[in-house]
Amino acid sequence: MKPIWIVDDDPSIRFVLEKALSREGWATRSFVQARDVLTALSDVDAGDPARQPPQVLVSDIRMPGGSGLELLEQIRAQQPGLPVIIMTAYSDLDSAVSAFQRGAFEYLPKPFDLPKAVELIRRAVEESLREDVAEVQVPLQAEMLGQAPAMQDVFRAIGRLSQSQVTVLITGESGSGKELVARALHKHSPVSGGPFVAINTAAIPKDLLESELFGHERGAFTGAQTQRRGRFEQAEGGTLFLDEIGDMPFDLQTRLLRVLSDGHFYRVGGHQAVKAHVRVIAATHQDLELRVRDGVFREDLFHRLNVIRLRLPALRERREDVPMLTRHFLQQSARQLGVEPKRMGADAMQRLQTFGFPGNVRQLENICHWLTVMAPAQVIAVKDLPPEVLGEAAPLAAGICAAASLPEVASTEAAGRSFVPVAPLPSAASVASVATPEAGELDWVHLLGQQARQLLEHTQPHGHGEVWDQLSRRFEAQLIRSALAVTHGRRVEAAQRLGIGRNTITRKLQELGMDDDGVD
């Protein structure tokens with residue numbers, strides 16, 4: 001690891017920090033004044049142990065040869081990713097504000113508690129190491145970000161489709177980035193030189209959608225003063241992205257099918273066919289197969305769209321991408337607002353990664369924008385996270401507590417495993433009652449671990465999987481019970497929210513003895 005540079009004209013401060021950091025196994029390099037630091041920075045050589053650049057810089061504010069704030073400005077211009085900790089014996093508001101406005105990692109007033117100073121430097125080192133890795137792995141203007149296996153599958157599919165104009169259906173939850181995938185498919189396609197035109201079919205009223213898609217002739221309806229080109233004509237020679245296709249009105253589906261079948265359409269009020277040279281990409285968060293079975297989506301249109309299907313994973317399925325995406329969005333928000341980008345503390349990042357993100361990547365982007373505006377310090381702590389993140393633990397903790405407290409019944413010879421009795425569906429009031437601030441502080445993973453250890457301590461080495469089966473059944477039962485409570489007993493909707501098939505939820509209800517709970 002690179003050394004930690006210390007800049008202070010007080011030899012006692014340099015000595016104390018050098019010894020403390022040396023005990024932690026970190027190399028140090030000390031300077032008396034700011035201009036010596038700038039000279040050393042101009043002569044760094046990563047290959048020479050004596051001339052390595054700093055991992056972290058710790059600087060006093062008031063020194064001969066230039067102030068620490070001036071030094072901070074110059075370093076931020078040369079090495080924007082280098083964490084700088086500002087020390088001062090003059091702990092006034094102006095100094096603190098100036099330090100953070102100029103991009104300091106943290107502000108350390110003197111006299112300081114040495115263990116706290118070392119812990120602060122350790123956090124800066126961890127942040128610097130993350131920055132080093134991120135700079136290598138994340139291009140600044142990346143189209144899409146993701147190292148999770150599910151995202152790598154999406155990237156490979158985009159690559160394989162780069163020489164094709166085939167129709168693509170993108171599925172995934174709202175906010176998961178379906179339009180980004182559509183834009184990437186267009187950019188890396190033979191029609192990339194043409195326009196990319198997007199329309200959200202769910203956001204336009206039914207009586208206007210036909211005109212939006214196909215255009216209209218003058219006088220076609222009241223207010224049609226001139227001829228208007230629709231989205232198909234606007235996308236000529238390029239790509240038309242039909243977002244939320246599952247919500248398209250049934251009668252318009254017939255017209256869309258016609259275009260996809262023979263490449264011709266008519267403007268509203270028109271009598272002359274218009275030829276469309278357009279690649280169509282559609283997207284939906286709906287289960288189109290289910291909508292076909294329910295009779296609200298044409299089966300022939302479904303098969304026309306479903307030539308190639310790309311499933312975009314929800315953010316909770318790619319939690320390893322949360323740190324990378326968070327860094328990207330914090331930098332993006334900082335550029336938009338004209339401020340220094342903030343950084344996530346290790347504990348805050350860990351807490352963020354456990355969040356369920358019902359709004360997916362879009363929600364993470366909004367959270368990062370909120371943090372850029374609202375977080376008080378440059379390094380974001382757990383307490384700085386928005387209420388939606390801090391409050392999510394309540395129902396999770398309560399759910400595990402409820403599952404762990406269910407009475408146990410001895411294994412029967414017929415089943416060969418413990419049977420978990422299922423309580424009636426909770427009322428809305430009872431669900432609300434467990435979401436207390438105290439419950440929100442519970443760590444449900446820790447509670448699960450405690451329950452597992454208790455069971456394992458009373459299980460023989462050759463227990464034939466009783467503990468696994470017991471806890472799995474409890475976990476599944478609680479998940480299904482919670483989903484059915486939210487959907488008021490509607491199994492199909494509960495299965496959709498859980499991300500499983502309706503046959504699966506029916507089978508699980510039977511296996512868990514929940515089939516007589518009075519749900520549909």
# chains A, B, ... in the order shown; residues from 1 in each chain; ligands from 1
$ residues_around --residues "A:Leu315" --least-positions-apart "6" --cutoff "9 Å" --atoms "only C-alpha atoms" --output "PyMOL selection string"
chain A and resi 176+321-322+356-361+364
$ select_by_dssp --residues "stretch 301-372 of chain A" --states "strand (DSSP E)" --output "PyMOL selection string"
chain A and resi 308-311+343-344
$ write_last_selection --atoms "C-alpha atoms" --output "PDB file, in the first residue's frame"
ATOM      1  CA  ILE A 308     -35.659 -12.533 -28.577  1.00  0.00           C
ATOM      2  CA  ARG A 309     -36.362 -11.951 -24.886  1.00  0.00           C
ATOM      3  CA  LEU A 310     -33.953 -10.250 -22.515  1.00  0.00           C
ATOM      4  CA  ARG A 311     -34.755 -10.388 -18.813  1.00  0.00           C
ATOM      5  CA  ARG A 343     -18.502   9.108  -0.482  1.00  0.00           C
ATOM      6  CA  MET A 344     -20.220   6.232   1.252  1.00  0.00           C
TER       7      MET A 344
END
$ residues_around --residues "A:Leu337" --least-positions-apart "3" --cutoff "9 Å" --atoms "only C-alpha atoms" --output "PDB file with C-alpha atoms, in the first residue's frame"
ATOM      1  CA  GLN A 332     -23.345  12.173 -11.493  1.00  0.00           C
ATOM      2  CA  SER A 333     -25.415  14.091  -8.926  1.00  0.00           C
ATOM      3  CA  ALA A 334     -22.377  16.080  -7.838  1.00  0.00           C
ATOM      4  CA  GLU A 340     -17.794  17.742  -4.725  1.00  0.00           C
ATOM      5  CA  THR A 372     -25.827  14.615  -2.356  1.00  0.00           C
ATOM      6  CA  VAL A 373     -28.215  17.328  -1.207  1.00  0.00           C
TER       7      VAL A 373
END
$ residues_around --residues "A:Leu108" --least-positions-apart "2" --cutoff "7 Å" --atoms "only C-alpha atoms" --output "PyMOL selection string"
chain A and resi 85-88+106+110
$ closest_residue --among "A:Met1, A:Val37, A:Ala377, A:Leu257" --to "A:Phe297" --atoms "only C-alpha atoms"
A:Leu257
$ residues_around --residues "A:Ile4" --least-positions-apart "5" --cutoff "12 Å" --atoms "only C-alpha atoms" --output "ChimeraX atom specification"
/A:14,17-18,20-22,24-31,52-59,82-85,118,121-122,124-125,128
$ residues_around --residues "A:Val154" --least-positions-apart "6" --cutoff "12 Å" --atoms "only C-alpha atoms" --output "short mmCIF file (atom, residue, chain, number, x, y, z; two decimals) with N, CA and C atoms, in the first residue's frame"
data_model
loop_
_atom_site.label_atom_id
_atom_site.label_comp_id
_atom_site.auth_asym_id
_atom_site.auth_seq_id
_atom_site.Cartn_x
_atom_site.Cartn_y
_atom_site.Cartn_z
N MET A 144 -23.82 1.33 -19.41
CA MET A 144 -24.47 0.54 -18.37
C MET A 144 -23.39 -0.03 -17.47
N LEU A 145 -23.73 -0.18 -16.19
CA LEU A 145 -22.78 -0.69 -15.22
C LEU A 145 -23.30 -1.98 -14.61
N GLY A 146 -22.40 -2.91 -14.39
CA GLY A 146 -22.81 -4.15 -13.75
C GLY A 146 -21.77 -5.23 -13.88
N GLN A 147 -21.37 -5.80 -12.72
CA GLN A 147 -20.44 -6.92 -12.72
C GLN A 147 -21.12 -8.22 -12.31
N ALA A 148 -22.36 -8.14 -11.87
CA ALA A 148 -23.09 -9.34 -11.45
C ALA A 148 -23.27 -10.28 -12.64
N ARG A 160 -24.21 -10.14 -28.85
CA ARG A 160 -24.61 -11.11 -29.87
C ARG A 160 -25.63 -10.51 -30.84
N LEU A 161 -26.44 -9.57 -30.36
CA LEU A 161 -27.47 -8.97 -31.19
C LEU A 161 -26.97 -7.75 -31.97
N ILE A 170 -37.89 -6.82 -23.89
CA ILE A 170 -37.13 -6.66 -22.64
C ILE A 170 -38.13 -6.73 -21.48
N THR A 171 -37.89 -7.65 -20.56
CA THR A 171 -38.75 -7.77 -19.38
C THR A 171 -37.95 -7.42 -18.13
N GLY A 172 -38.65 -6.93 -17.14
CA GLY A 172 -37.99 -6.56 -15.89
C GLY A 172 -38.86 -5.61 -15.11
N GLY A 177 -34.03 -0.40 -15.56
CA GLY A 177 -33.15 0.08 -16.62
C GLY A 177 -33.45 -0.47 -18.00
N LYS A 178 -34.73 -0.75 -18.27
CA LYS A 178 -35.09 -1.35 -19.56
C LYS A 178 -34.80 -0.40 -20.73
N LEU A 180 -32.43 1.82 -20.86
CA LEU A 180 -30.97 1.82 -21.07
C LEU A 180 -30.56 0.65 -21.96
N VAL A 181 -31.16 -0.52 -21.72
CA VAL A 181 -30.86 -1.70 -22.54
C VAL A 181 -31.31 -1.46 -23.97
N ALA A 182 -32.50 -0.87 -24.13
CA ALA A 182 -33.01 -0.59 -25.47
C ALA A 182 -32.08 0.37 -26.21
N ALA A 184 -28.89 0.78 -25.65
CA ALA A 184 -27.66 0.07 -25.97
C ALA A 184 -27.85 -0.85 -27.18
N LEU A 185 -29.00 -1.52 -27.26
CA LEU A 185 -29.29 -2.36 -28.43
C LEU A 185 -29.32 -1.53 -29.70
N ARG A 309 -35.96 -12.54 -26.17
CA ARG A 309 -36.36 -11.95 -24.89
C ARG A 309 -35.13 -11.76 -24.01
N LEU A 310 -35.01 -10.55 -23.47
CA LEU A 310 -33.95 -10.25 -22.51
C LEU A 310 -34.60 -9.94 -21.18
N ARG A 311 -34.24 -10.68 -20.15
CA ARG A 311 -34.75 -10.39 -18.81
C ARG A 311 -33.72 -9.57 -18.05
N LEU A 312 -34.13 -8.40 -17.60
CA LEU A 312 -33.24 -7.53 -16.85
C LEU A 312 -33.44 -7.81 -15.36
N PRO A 313 -32.39 -8.15 -14.62
CA PRO A 313 -32.55 -8.51 -13.21
C PRO A 313 -32.91 -7.30 -12.36
#
$ select_by_dssp --residues "stretch 219-351 of chain A" --states "alpha helix (DSSP H)" --output "PyMOL selection string"
chain A and resi 231-234+250-262+288-293+299-305+322-337+346-351
$ write_last_selection --atoms "C-alpha atoms" --output "CSV table (one decimal), in the first residue's frame"
chain,number,residue,atom,x,y,z
A,231,ARG,CA,-43.6,7.8,-33.7
A,232,PHE,CA,-43.3,5.1,-36.4
A,233,GLU,CA,-42.5,7.7,-39.0
A,234,GLN,CA,-40.2,9.7,-36.6
A,250,PHE,CA,-56.4,-4.3,-26.9
A,251,ASP,CA,-57.7,-2.6,-30.1
A,252,LEU,CA,-54.4,-0.9,-30.7
A,253,GLN,CA,-52.6,-4.2,-30.4
A,254,THR,CA,-54.3,-5.3,-33.6
A,255,ARG,CA,-52.9,-2.3,-35.5
A,256,LEU,CA,-49.4,-2.8,-34.0
A,257,LEU,CA,-49.5,-6.5,-35.1
A,258,ARG,CA,-50.3,-5.3,-38.6
A,259,VAL,CA,-47.2,-3.1,-38.7
A,260,LEU,CA,-45.0,-5.9,-37.4
A,261,SER,CA,-46.4,-8.4,-39.9
A,262,ASP,CA,-46.2,-6.5,-43.2
A,288,LEU,CA,-47.3,-11.1,-20.8
A,289,GLU,CA,-48.0,-14.9,-20.8
A,290,LEU,CA,-50.4,-14.3,-17.9
A,291,ARG,CA,-52.0,-11.3,-19.7
A,292,VAL,CA,-52.5,-13.5,-22.7
A,293,ARG,CA,-54.2,-16.2,-20.6
A,299,GLU,CA,-51.3,-14.0,-28.3
A,300,ASP,CA,-50.2,-13.5,-31.9
A,301,LEU,CA,-48.8,-10.1,-31.0
A,302,PHE,CA,-47.0,-11.6,-28.0
A,303,HIS,CA,-45.3,-14.1,-30.3
A,304,ARG,CA,-44.4,-11.4,-32.8
A,305,LEU,CA,-42.7,-9.4,-30.0
A,322,VAL,CA,-24.7,-1.5,-5.6
A,323,PRO,CA,-21.3,0.0,-4.6
A,324,MET,CA,-20.3,0.6,-8.2
A,325,LEU,CA,-23.7,2.1,-9.1
A,326,THR,CA,-23.8,4.2,-5.9
A,327,ARG,CA,-20.4,5.7,-6.7
A,328,HIS,CA,-21.5,6.5,-10.3
A,329,PHE,CA,-24.7,8.2,-9.2
A,330,LEU,CA,-23.1,10.2,-6.5
A,331,GLN,CA,-20.6,11.5,-9.0
A,332,GLN,CA,-23.3,12.2,-11.5
A,333,SER,CA,-25.4,14.1,-8.9
A,334,ALA,CA,-22.4,16.1,-7.8
A,335,ARG,CA,-21.7,17.1,-11.4
A,336,GLN,CA,-25.3,18.2,-11.9
A,337,LEU,CA,-25.3,20.3,-8.7
A,346,ALA,CA,-18.3,1.3,4.9
A,347,ASP,CA,-21.2,0.8,7.3
A,348,ALA,CA,-23.5,3.0,5.2
A,349,MET,CA,-22.6,1.0,2.1
A,350,GLN,CA,-23.2,-2.3,3.9
A,351,ARG,CA,-26.6,-1.1,5.1
$ closest_residue --among "A:Ile75, A:Leu242, A:Ala150, A:Leu512" --to "A:Glu317" --atoms "only C-alpha atoms"
A:Ala150
$ atom_distance --atom1 "atom CA of A:Arg318" --atom2 "atom CA of A:Gln353"
9.6 Å
$ closest_residue --among "A:Leu352, A:Val492, A:Leu484, A:Leu41" --to "A:Val382" --atoms "only C-alpha atoms"
A:Leu352
